[in-house]
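Asker: Sharing start-v7.txt here; it has compact mmCIF, C-alpha atoms and all ligand atoms.
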# COMPACT_ATOMS: atom_id res chain seq x y z
CA MET A 189 167.69 138.12 155.51
CA ASN A 190 164.95 136.04 157.14
CA SER A 191 165.15 132.29 157.48
CA LEU A 192 162.70 131.54 154.68
CA GLN A 193 164.79 133.50 152.23
CA GLN A 194 167.80 131.50 153.22
CA SER A 195 166.20 128.10 153.28
CA LEU A 196 165.62 126.09 150.14
CA TYR A 197 162.36 126.81 148.37
CA PRO A 198 160.01 123.82 148.78
CA THR A 199 158.33 122.86 145.51
CA TRP A 200 156.27 119.96 144.22
CA ARG A 201 155.69 118.51 140.77
CA TRP A 202 152.05 118.71 139.78
CA PHE A 203 150.86 117.34 136.45
CA GLY A 204 147.92 119.71 136.07
CA PRO A 205 144.22 119.55 136.92
CA GLN A 206 144.02 115.81 136.21
CA ASP A 207 146.72 115.02 138.80
CA ALA A 208 145.51 112.76 141.63
CA VAL A 209 147.08 115.17 144.16
CA SER A 210 145.24 118.48 144.49
CA LEU A 211 146.87 121.88 144.84
CA MET A 212 145.34 122.27 148.31
CA GLU A 213 146.89 119.00 149.45
CA ILE A 214 150.22 120.14 148.06
CA LYS A 215 150.00 123.43 149.88
CA GLN A 216 149.33 121.62 153.15
CA ALA A 217 152.46 119.54 152.61
CA GLY A 218 154.48 122.70 153.27
CA VAL A 219 155.06 123.56 149.64
CA LYS A 220 155.44 127.11 148.30
CA GLY A 221 155.99 126.61 144.62
CA ILE A 222 154.63 124.41 141.87
CA VAL A 223 156.68 122.65 139.24
CA THR A 224 154.61 121.86 136.20
CA ALA A 225 154.28 121.99 132.43
CA LEU A 226 151.57 122.31 129.83
CA HIS A 227 151.57 118.60 129.19
CA HIS A 228 148.67 118.79 126.74
CA ILE A 229 150.69 120.83 124.22
CA PRO A 230 152.57 118.48 121.87
CA CYS A 231 156.36 118.55 122.11
CA GLY A 232 157.72 121.13 119.69
CA GLU A 233 154.69 123.45 119.66
CA VAL A 234 154.65 126.98 121.11
CA TRP A 235 153.06 127.58 124.52
CA SER A 236 150.93 130.67 124.12
CA VAL A 237 150.78 133.42 126.74
CA GLU A 238 147.04 132.71 127.17
CA GLU A 239 147.58 129.03 127.93
CA ILE A 240 150.40 129.78 130.36
CA LYS A 241 148.37 132.44 132.15
CA GLN A 242 145.36 130.18 132.42
CA ARG A 243 147.41 127.51 134.23
CA GLN A 244 149.15 130.11 136.33
CA LYS A 245 145.81 131.46 137.51
CA VAL A 246 144.73 128.04 138.79
CA ILE A 247 147.97 127.71 140.76
CA GLU A 248 147.89 131.21 142.19
CA ALA A 249 144.25 130.83 143.24
CA VAL A 250 145.37 128.59 146.12
CA GLY A 251 148.27 130.85 147.10
CA LEU A 252 151.08 128.96 145.37
CA ASP A 253 153.29 130.13 142.54
CA TRP A 254 154.46 128.44 139.36
CA THR A 255 158.15 128.41 140.22
CA VAL A 256 159.65 126.04 137.68
CA VAL A 257 158.60 124.71 134.31
CA GLU A 258 159.41 121.02 134.07
CA SER A 259 159.79 120.53 131.25
CA VAL A 260 159.76 122.33 127.96
CA ASN A 261 160.72 119.19 126.05
CA ILE A 262 163.16 119.30 123.17
CA HIS A 263 161.90 118.00 119.85
CA GLU A 264 163.66 114.91 118.50
CA SER A 265 164.64 116.82 115.33
CA ILE A 266 166.83 119.06 117.47
CA LYS A 267 168.49 116.10 119.17
CA VAL A 268 169.27 114.27 115.93
CA GLY A 269 170.18 117.53 114.15
CA ALA A 270 167.58 117.09 111.38
CA SER A 271 167.13 119.63 108.60
CA ASP A 272 163.96 121.02 110.22
CA ARG A 273 165.60 121.64 113.62
CA ASP A 274 165.77 125.44 113.28
CA GLN A 275 162.03 125.63 112.99
CA PHE A 276 161.68 123.80 116.33
CA ILE A 277 164.37 125.93 117.94
CA ARG A 278 162.46 129.06 116.93
CA LYS A 279 159.32 127.67 118.53
CA TYR A 280 161.26 126.83 121.68
CA GLN A 281 162.57 130.40 121.79
CA GLN A 282 159.03 131.70 121.45
CA THR A 283 157.84 129.53 124.33
CA LEU A 284 160.64 130.94 126.48
CA ARG A 285 159.69 134.51 125.59
CA ASN A 286 156.07 133.76 126.45
CA LEU A 287 157.00 132.21 129.79
CA ALA A 288 159.08 135.27 130.64
CA LYS A 289 156.14 137.51 129.80
CA CYS A 290 154.19 135.66 132.48
CA GLY A 291 157.02 136.04 135.01
CA ILE A 292 158.16 132.40 134.94
CA ARG A 293 161.93 132.35 135.01
CA LEU A 294 163.19 128.83 135.53
CA VAL A 295 162.98 126.04 132.96
CA CYS A 296 164.04 122.45 133.55
CA TYR A 297 164.56 120.26 130.48
CA ASN A 298 166.26 117.01 129.62
CA TYR A 299 168.23 115.80 126.65
CA MET A 300 167.58 112.06 126.66
CA PRO A 301 167.07 110.56 123.20
CA VAL A 302 163.51 109.31 122.56
CA LEU A 303 162.58 108.34 126.12
CA ASP A 304 162.57 110.27 129.38
CA TRP A 305 163.49 108.30 132.52
CA THR A 306 163.42 104.54 132.10
CA ARG A 307 162.59 101.77 134.56
CA THR A 308 161.87 98.07 134.17
CA GLN A 309 159.44 97.82 137.11
CA LEU A 310 157.03 100.38 138.50
CA ALA A 311 155.89 98.56 141.63
CA HIS A 312 158.84 96.77 143.15
CA PRO A 313 157.87 95.70 146.70
CA VAL A 314 160.30 96.80 149.42
CA GLU A 315 160.55 95.50 153.01
CA ASP A 316 157.91 97.77 154.55
CA GLY A 317 155.31 96.67 151.99
CA SER A 318 155.39 99.87 149.96
CA THR A 319 156.44 99.80 146.32
CA ALA A 320 159.21 101.60 144.48
CA LEU A 321 160.45 102.09 140.92
CA ARG A 322 163.25 99.77 139.88
CA TYR A 323 165.76 99.36 137.05
CA ASP A 324 167.17 95.94 136.28
CA PRO A 325 169.69 95.62 133.42
CA THR A 326 168.79 91.94 132.93
CA ALA A 327 165.13 92.83 132.35
CA LEU A 328 166.19 95.59 129.96
CA ALA A 329 168.42 93.17 128.04
CA ALA A 330 165.58 90.64 127.83
CA PHE A 331 163.27 93.35 126.52
CA GLU A 332 165.56 94.52 123.76
CA LEU A 333 166.78 91.07 122.75
CA PHE A 334 163.49 89.20 122.76
CA ILE A 335 160.64 91.72 122.55
CA LEU A 336 162.00 94.74 120.71
CA LYS A 337 164.50 92.62 118.77
CA ARG A 338 166.59 95.71 118.27
CA LYS A 339 169.09 95.60 115.43
CA GLY A 340 172.58 95.42 116.88
CA ALA A 341 171.48 94.57 120.43
CA GLU A 342 172.95 91.06 120.18
CA ASP A 343 176.46 92.48 119.76
CA GLN A 344 176.23 94.62 122.87
CA TYR A 345 175.94 91.77 125.32
CA SER A 346 178.37 89.06 126.34
CA LYS A 347 177.40 85.42 125.99
CA GLU A 348 176.91 85.20 129.73
CA GLN A 349 174.63 88.26 129.81
CA LYS A 350 172.54 86.79 127.01
CA VAL A 351 172.14 83.51 128.86
CA THR A 352 171.05 85.35 132.03
CA ALA A 353 168.58 87.45 130.04
CA GLU A 354 167.17 84.37 128.35
CA LYS A 355 166.68 82.60 131.67
CA TYR A 356 164.92 85.66 133.08
CA PHE A 357 162.70 85.93 130.03
CA SER A 358 161.63 82.30 130.00
CA ALA A 359 160.79 82.44 133.71
CA ILE A 360 158.29 85.33 133.46
CA THR A 361 154.66 85.03 132.36
CA GLN A 362 153.16 86.51 129.19
CA ALA A 363 151.42 89.17 131.30
CA GLU A 364 154.74 90.08 132.90
CA LYS A 365 156.33 90.37 129.46
CA GLU A 366 153.62 92.78 128.37
CA LYS A 367 154.02 94.78 131.54
CA LEU A 368 157.78 95.01 130.97
CA GLN A 369 157.22 96.31 127.45
CA GLN A 370 154.71 98.90 128.62
CA THR A 371 156.95 100.04 131.45
CA ILE A 372 159.96 100.62 129.23
CA LEU A 373 158.08 102.14 126.32
CA ALA A 374 156.04 104.62 128.36
CA GLY A 375 156.31 108.04 126.75
CA LEU A 376 156.88 111.38 128.40
CA PRO A 377 155.90 112.07 132.03
CA GLY A 378 152.48 113.64 132.31
CA THR A 379 151.16 111.68 129.32
CA ASP A 380 149.64 108.23 129.12
CA GLU A 381 151.07 107.36 125.74
CA VAL A 382 153.10 104.21 125.31
CA PHE A 383 155.11 103.51 122.14
CA THR A 384 154.64 100.24 120.26
CA PRO A 385 157.86 98.32 119.52
CA ASP A 386 157.53 99.27 115.82
CA GLU A 387 157.13 102.95 116.57
CA PHE A 388 160.03 102.79 118.94
CA ASN A 389 162.26 101.05 116.39
CA ARG A 390 161.43 103.83 113.92
CA PHE A 391 162.56 106.40 116.48
CA LEU A 392 165.75 104.45 116.98
CA GLU A 393 166.44 104.57 113.26
CA ARG A 394 166.70 108.34 113.46
CA TYR A 395 169.69 107.86 115.76
CA GLN A 396 171.56 105.54 113.41
CA ASP A 397 174.19 108.16 112.62
CA VAL A 398 174.04 110.03 115.92
CA ASP A 399 176.77 108.93 118.28
CA ALA A 400 177.58 110.61 121.60
CA GLN A 401 179.84 113.15 119.92
CA GLN A 402 177.18 114.16 117.42
CA LEU A 403 174.50 114.30 120.10
CA ARG A 404 176.72 116.63 122.13
CA LYS A 405 177.31 118.85 119.11
CA ASN A 406 173.57 119.12 118.55
CA LEU A 407 173.08 120.12 122.18
CA VAL A 408 175.70 122.84 121.93
CA TYR A 409 174.04 124.11 118.74
CA PHE A 410 170.69 124.24 120.54
CA LEU A 411 172.18 126.08 123.53
CA GLN A 412 173.91 128.59 121.27
CA GLN A 413 170.50 129.58 119.90
CA ILE A 414 168.60 129.40 123.18
CA ILE A 415 170.88 130.93 125.79
CA PRO A 416 171.06 134.43 124.21
CA VAL A 417 167.25 134.53 124.27
CA THR A 418 167.12 133.45 127.92
CA GLU A 419 169.66 136.14 128.81
CA GLU A 420 167.56 138.72 127.02
CA VAL A 421 164.29 137.79 128.76
CA GLY A 422 165.75 136.75 132.14
CA ILE A 423 165.14 133.01 132.16
CA LYS A 424 167.42 130.35 133.61
CA MET A 425 167.72 126.97 131.96
CA ALA A 426 168.45 123.90 134.09
CA ILE A 427 169.35 120.72 132.24
CA HIS A 428 168.20 117.51 133.92
CA PRO A 429 170.58 114.54 133.95
CA ASP A 430 169.93 111.27 132.15
CA ASP A 431 168.06 108.61 134.07
CA PRO A 432 169.58 106.07 134.26
CA PRO A 433 172.88 107.89 133.73
CA PHE A 434 174.33 105.66 131.03
CA PRO A 435 173.48 104.70 127.43
CA ILE A 436 170.60 102.27 127.03
CA LEU A 437 168.89 100.59 124.05
CA GLY A 438 171.77 101.55 121.79
CA LEU A 439 171.07 105.26 122.31
CA PRO A 440 173.85 107.61 123.40
CA ARG A 441 173.42 109.65 126.59
CA VAL A 442 175.51 112.74 127.22
CA VAL A 443 174.21 114.26 130.48
CA SER A 444 175.28 111.59 132.93
CA THR A 445 178.50 112.59 134.68
CA GLU A 446 180.39 115.51 136.15
CA ASP A 447 182.46 115.80 132.96
CA ASP A 448 179.28 115.95 130.90
CA LEU A 449 177.86 118.74 133.05
CA GLN A 450 181.15 120.65 133.00
CA PHE A 451 181.24 120.33 129.23
CA ILE A 452 177.65 121.53 128.72
CA THR A 453 177.94 124.53 131.00
CA SER A 454 181.36 125.56 129.71
CA GLN A 455 180.51 125.37 126.00
CA VAL A 456 177.99 128.17 126.27
CA PRO A 457 179.02 129.93 129.47
CA SER A 458 176.25 132.01 130.99
CA PRO A 459 174.43 132.24 134.32
CA SER A 460 171.38 131.17 132.31
CA ASN A 461 172.97 127.88 131.27
CA GLY A 462 172.62 125.81 134.42
CA ILE A 463 171.73 122.46 135.91
CA THR A 464 168.93 120.60 137.63
CA PHE A 465 170.89 118.62 140.17
CA CYS A 466 168.97 115.35 140.44
CA THR A 467 170.52 113.06 143.05
CA GLY A 468 168.23 110.22 142.01
CA SER A 469 169.40 110.23 138.40
CA LEU A 470 173.07 110.97 139.01
CA GLY A 471 173.05 108.53 141.95
CA GLY A 472 172.48 105.63 139.54
CA ARG A 473 176.28 105.55 139.02
CA SER A 474 178.69 104.81 141.82
CA ASP A 475 181.41 106.94 140.17
CA ASN A 476 179.34 110.12 140.51
CA ASP A 477 180.55 111.79 143.73
CA LEU A 478 177.41 113.79 144.47
CA PRO A 479 178.57 116.06 147.33
CA GLY A 480 181.80 116.74 145.41
CA MET A 481 179.84 117.57 142.27
CA ILE A 482 177.74 120.06 144.22
CA GLU A 483 180.90 121.63 145.56
CA ARG A 484 182.43 121.97 142.10
CA LEU A 485 179.36 122.68 139.97
CA GLY A 486 177.36 124.43 142.68
CA ASP A 487 177.25 127.88 141.14
CA LYS A 488 175.46 126.38 138.10
CA ILE A 489 172.74 124.63 140.10
CA HIS A 490 169.37 126.32 139.66
CA PHE A 491 167.06 123.53 140.77
CA LEU A 492 167.35 120.52 143.08
CA HIS A 493 165.67 117.12 142.77
CA LEU A 494 166.46 115.18 145.91
CA ARG A 495 165.81 111.47 146.06
CA ASN A 496 167.77 108.34 146.84
CA VAL A 497 168.53 105.11 145.03
CA GLN A 498 169.76 101.78 146.34
CA ARG A 499 172.35 100.40 143.94
CA ASN A 500 172.93 96.65 143.91
CA SER A 501 175.96 94.63 142.85
CA ASP A 502 174.16 93.19 139.78
CA GLY A 503 173.80 96.69 138.29
CA SER A 504 170.15 97.03 139.30
CA PHE A 505 168.83 99.80 141.51
CA HIS A 506 165.55 100.75 143.11
CA GLU A 507 164.39 104.02 144.55
CA ALA A 508 164.96 104.08 148.30
CA ASN A 509 163.29 106.36 150.83
CA HIS A 510 164.79 109.83 150.68
CA LEU A 511 167.16 109.46 153.61
CA GLU A 512 168.10 105.83 152.91
CA GLY A 513 169.90 104.15 150.02
CA SER A 514 173.31 104.62 148.43
CA THR A 515 173.43 108.42 148.49
CA ASP A 516 174.53 110.16 151.67
CA MET A 517 171.73 112.72 151.82
CA PHE A 518 173.28 114.43 154.84
CA ALA A 519 176.45 115.13 152.85
CA VAL A 520 174.38 116.28 149.86
CA MET A 521 172.34 118.69 151.98
CA GLN A 522 175.45 120.01 153.69
CA ALA A 523 177.05 120.68 150.30
CA VAL A 524 173.91 122.51 149.17
CA ILE A 525 173.88 124.71 152.26
CA ASN A 526 177.58 125.45 151.73
CA GLU A 527 176.75 126.50 148.18
CA GLN A 528 174.05 128.85 149.48
CA GLN A 529 176.57 130.34 151.86
CA LYS A 530 178.97 130.96 148.97
CA ARG A 531 176.18 132.72 147.10
CA ILE A 532 175.39 134.91 150.09
CA ASN A 533 179.09 135.78 150.44
CA SER A 534 179.45 136.67 146.79
CA GLY A 535 176.32 138.81 146.74
CA ARG A 536 174.27 136.58 144.46
CA GLU A 537 170.53 136.99 144.66
CA ASP A 538 169.43 133.44 143.92
CA ILE A 539 169.93 132.03 147.41
CA THR A 540 166.64 130.21 147.83
CA ILE A 541 167.25 127.39 145.36
CA PRO A 542 163.99 125.53 144.59
CA LEU A 543 163.98 121.97 145.85
CA ARG A 544 161.51 119.24 145.12
CA PRO A 545 161.25 115.80 146.65
CA ASP A 546 161.52 113.75 143.52
CA HIS A 547 159.73 110.42 143.39
CA GLY A 548 158.33 108.70 146.47
CA HIS A 549 157.18 105.22 147.35
CA GLN A 550 153.58 104.20 146.98
CA PHE A 551 152.40 103.66 150.55
CA GLN A 552 149.30 102.00 151.94
CA PHE A 553 147.80 105.47 152.60
CA ASP A 554 147.56 106.11 148.89
CA ILE A 555 146.86 102.67 147.56
CA ASP A 556 143.56 103.57 145.86
CA ARG A 557 144.75 106.65 144.06
CA ASN A 558 145.96 106.67 140.53
CA PHE A 559 149.29 108.49 140.46
CA TYR A 560 151.81 108.93 137.68
CA PRO A 561 154.52 106.38 138.43
CA GLY A 562 156.76 107.71 141.18
CA TYR A 563 154.56 110.72 141.88
CA SER A 564 152.62 109.49 144.90
CA GLY A 565 151.08 111.82 147.50
CA VAL A 566 152.18 110.53 150.90
CA GLY A 567 155.44 109.05 149.58
CA ARG A 568 156.60 112.44 148.37
CA LEU A 569 155.15 114.21 151.40
CA ARG A 570 157.28 111.96 153.61
CA GLY A 571 160.31 112.74 151.44
CA LEU A 572 159.77 116.46 151.60
CA ALA A 573 159.20 116.42 155.36
CA GLU A 574 162.37 114.42 155.94
CA LEU A 575 164.42 116.63 153.67
CA ARG A 576 163.18 119.82 155.30
CA GLY A 577 163.96 118.43 158.74
CA LEU A 578 167.43 117.47 157.59
CA GLU A 579 167.93 120.90 156.11
CA LEU A 580 166.84 122.71 159.26
CA GLY A 581 169.04 120.49 161.44
CA ILE A 582 172.13 121.08 159.34
CA ARG A 583 171.44 124.78 159.02
CA ARG A 584 171.13 125.17 162.80
CA MET A 585 174.17 123.02 163.38
CA MET A 586 176.19 125.23 161.05
CA GLY A 587 175.05 128.29 162.95
CA ASN A 588 173.15 129.45 159.88
CA ARG A 589 169.58 130.17 160.83
C1 LIG A 601 161.60 111.93 136.79
C2 LIG A 601 161.92 113.27 136.46
C3 LIG A 601 162.12 113.42 134.97
C4 LIG A 601 162.37 114.85 134.66
C5 LIG A 601 162.58 115.17 133.25
C6 LIG A 601 163.12 116.56 133.13
O1 LIG A 601 160.64 111.75 137.42
O2 LIG A 601 162.93 113.71 137.24
O3 LIG A 601 160.98 113.02 134.32
O4 LIG A 601 161.25 115.56 135.02
O5 LIG A 601 163.43 114.30 132.67
O6 LIG A 601 162.98 116.99 131.84
Can the structure from this file be put into structure tokens for me?
Answerer:
Amino acid sequence: MNSLQQSLYPTWRWFGPQDAVSLMEIKQAGVKGIVTALHHIPCGEVWSVEEIKQRQKVIEAVGLDWTVVESVNIHESIKVGASDRDQFIRKYQQTLRNLAKCGIRLVCYNYMPVLDWTRTQLAHPVEDGSTALRYDPTALAAFELFILKRKGAEDQYSKEQKVTAEKYFSAITQAEKEKLQQTILAGLPGTDEVFTPDEFNRFLERYQDVDAQQLRKNLVYFLQQIIPVTEEVGIKMAIHPDDPPFPILGLPRVVSTEDDLQFITSQVPSPSNGITFCTGSLGGRSDNDLPGMIERLGDKIHFLHLRNVQRNSDGSFHEANHLEGSTDMFAVMQAVINEQQKRINSGREDITIPLRPDHGHQFQFDIDRNFYPGYSGVGRLRGLAELRGLELGIRRMMGNR
């Protein structure tokens, strides 16, 4: 086996032709595979073979391949278990069949109610003058107590927390309040839509009777219908963890911990029912032992998102450079290489796990370009370069070329 086959497969998230980073730039960053989705197709609708092929052609024209779909999003009716869910499950199955027809065999998806990843600040300045995404529970509390005025939010905070949130809220300007609202209510990645508080409250109403247990049941139901199809057509599913990895805005979250991932993969056991191991999302909790999780869940990992977060004592965190922050990236990478070795020893074929540098900082280099939050050019390029260097160093050190 040559070294490329053994090394991780470098990939990059690209949002399609309107992305500020071009495919040629991505290729020159050392990338082999593209991670993308048909963001223009509304959630719940079927992706036709023609549309998939058209996008694939654009990617292949520069010598890259479409390695991973991120994401085929799950319709809210499936998550809440509504009476029309089967119709959306059938469409999801059809999309999977169509992807397989085009030779695309890895699908990342998440199961977060209503929102995808959530931050309270998109341009938090760090020491070197670059900016990073940040999550601050006080800002979130202020948003839901005083802007969204969510029913029931009052009861979820202690008196002290409410006082802190109130102080924060009265100290920020009107423009900052609007920015906070926009940041939290941004819709799915790859779109520019932002929910209004009223729209968002209507979405929340759909979850009135959906607690964590019910949400889990609805996920298992979905997987029971999906996994047999993926086995038939040769697709692997890789669930992405919640970000942040705990319930927010009164919504349950059930893909946040090792127990959650064990539960999901064991309920519908199949090599097709796997995980996107995102160190940035899972790293938002100090009780997630990331290297240990890779050791124990490793055989289920189909896709890697590597990024770091700096957790602070007040419960806030910001995204650190890839090799800095609260996660020991050396230990993570070592655990990943150990997992590859196990796969080689057991005769598995999927050794070259795709890896993408997840978010990056916005550096001076890129200041005039309009990126999707977190998806900068040079910030991610730096992340990928550092991760590949780390990988090579560890691989050589372990005598594994
Ligand atoms: C954050 C990403 C997420 C992820 C989706 C997967 O940037 O890791 O948006 O792509 O949640 O479905």
Asker: Just want the 6 Å neighbourhood of Thr308 (chain A), counted on all atoms listed in the file, with same-chain residues fewer than 5 positions away dropped. Output as a PDB file with C-alpha atoms, in the coordinates of the input.
Answerer:
ATOM      1  CA  TYR A 323     165.760  99.360 137.050  1.00  0.00           C
ATOM      2  CA  THR A 371     156.950 100.040 131.450  1.00  0.00           C
ATOM      3  CA  ILE A 372     159.960 100.620 129.230  1.00  0.00           C
TER       4      ILE A 372
END
Asker: Any chance you could work out the axis-aligned box around ligand LIG 601 (chain A), listed atoms only, 8 Å on each side, giving centre and edge lengths in Å to one decimal, as JSON?
Answerer:
{"center_x": 162.0, "center_y": 114.4, "center_z": 134.6, "size_x": 18.8, "size_y": 21.2, "size_z": 21.6}
Asker: Just give me the gap between CA of Arg322 (chain A) and atom O5 of ligand LIG 601 (chain A) in Å, one decimal is fine.
Answerer: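 Those two atoms sit 16.2 Å apart.
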Asker: Which residues, written as a PyMOL selection string, have at least one atom at most 10 Å from region 345-359 of chain A, with only C-alpha atoms counted and residues fewer than 3 positions away on the same chain left out?
Answerer: chain A and resi 325-335+340-342+362+364-365
Asker: List as number ranges by chain the protein and nucleic acid residues near Phe465 (chain A), meaning an atom at most 7 Å away when all atoms listed in the file are counted, but skip any in the same chain fewer than 4 places from it.
Answerer: A: 428, 489, 491-493
Asker: Which residues, written as number ranges by chain, have at least one atom at most 10 Å from Arg576 (chain A), with all atoms listed in the file counted and residues fewer than 4 positions away on the same chain left out?
Answerer: A: 195-198, 218, 521, 543, 545, 570-572, 580-582
Asker: Excluding same-chain residues fewer than 2 positions from Asp475 (chain A), what lies within 12 Å of it counting only C-alpha atoms, as a list in words?
Answerer: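 These residues fall inside the cut-off: Pro433, Phe434, Ser444, Thr445, Glu446, Asp447, Leu470, Gly471, Gly472, Arg473, Asp477, Leu478, Pro479, Gly480, Met481, Arg499, Ser514 and Thr515 of chain A.
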Asker: Within 8 Å of ligand LIG 601 (chain A), counting all atoms listed in the file: which residues, as a count of residues only?
Answerer: 26
Asker: With distances taken over only C-alpha atoms, which residue among A:Val442, A:Leu294, A:Leu303, A:Ala508 lies nearest Glu381 (chain A)?
Answerer: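 Under the stated criterion, the closest residue is A:Leu303.
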Asker: Would you kindly identify which residues have an atom no farther than 10 Å from (172.0, 126.9, 140.3), using only C-alpha atoms and the file's own coordinates, and write them out as a list in words?
Answerer: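 Every residue inside that radius is included here: Lys424, Met425, Ala426, Pro459, Ser460, Asn461, Gly462, Ile463, Thr464, Phe465, Ile482, Leu485, Gly486, Asp487, Lys488, Ile489, His490, Phe491, Leu492, Glu527, Gln528, Arg531, Asp538, Ile539, Thr540, Ile541 and Pro542 of chain A.
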Asker: Write the residues you've just listed into a file as a JSON list (two decimals), in the coordinates of the input, and include C-alpha atoms for each of them.
Answerer:
[["chain", "number", "residue", "atom", "x", "y", "z"],
["A", 424, "LYS", "CA", 167.42, 130.35, 133.61],
["A", 425, "MET", "CA", 167.72, 126.97, 131.96],
["A", 426, "ALA", "CA", 168.45, 123.90, 134.09],
["A", 459, "PRO", "CA", 174.43, 132.24, 134.32],
["A", 460, "SER", "CA", 171.38, 131.17, 132.31],
["A", 461, "ASN", "CA", 172.97, 127.88, 131.27],
["A", 462, "GLY", "CA", 172.62, 125.81, 134.42],
["A", 463, "ILE", "CA", 171.73, 122.46, 135.91],
["A", 464, "THR", "CA", 168.93, 120.60, 137.63],
["A", 465, "PHE", "CA", 170.89, 118.62, 140.17],
["A", 482, "ILE", "CA", 177.74, 120.06, 144.22],
["A", 485, "LEU", "CA", 179.36, 122.68, 139.97],
["A", 486, "GLY", "CA", 177.36, 124.43, 142.68],
["A", 487, "ASP", "CA", 177.25, 127.88, 141.14],
["A", 488, "LYS", "CA", 175.46, 126.38, 138.10],
["A", 489, "ILE", "CA", 172.74, 124.63, 140.10],
["A", 490, "HIS", "CA", 169.37, 126.32, 139.66],
["A", 491, "PHE", "CA", 167.06, 123.53, 140.77],
["A", 492, "LEU", "CA", 167.35, 120.52, 143.08],
["A", 527, "GLU", "CA", 176.75, 126.50, 148.18],
["A", 528, "GLN", "CA", 174.05, 128.85, 149.48],
["A", 531, "ARG", "CA", 176.18, 132.72, 147.10],
["A", 538, "ASP", "CA", 169.43, 133.44, 143.92],
["A", 539, "ILE", "CA", 169.93, 132.03, 147.41],
["A", 540, "THR", "CA", 166.64, 130.21, 147.83],
["A", 541, "ILE", "CA", 167.25, 127.39, 145.36],
["A", 542, "PRO", "CA", 163.99, 125.53, 144.59]]
Asker: Quick one: distance from CA of Val223 (chain A) to CA of Val256 (chain A) in Å, one decimal?
Answerer: 4.8 Å
Asker: Residues within 8 Å of (155.0, 101.8, 138.5), file coordinates, counting only C-alpha atoms: what are they? Give the list as a PyMOL selection string.
Answerer: chain A and resi 309-312+320-321+371+560-562
Asker: With all atoms listed in the file as the atoms that count, which of A:Ser236, A:Ser458, A:Thr306, A:Ser501 lies nearest to Ala374 (chain A)?
Answerer: A:Thr306
Asker: Take CA of Asp343 (chain A) and CA of Gln396 (chain A) and report the distance between them in Å, one decimal.
Answerer: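 Distance between the two atoms: 15.3 Å.
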Asker: Return the single residue from A:Asn286, A:Ala363, A:Arg441, A:Leu569 that is closest to Tyr395 (chain A), with distances computed using all atoms listed in the file.
Answerer: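 Under the stated criterion, the closest residue is A:Arg441.
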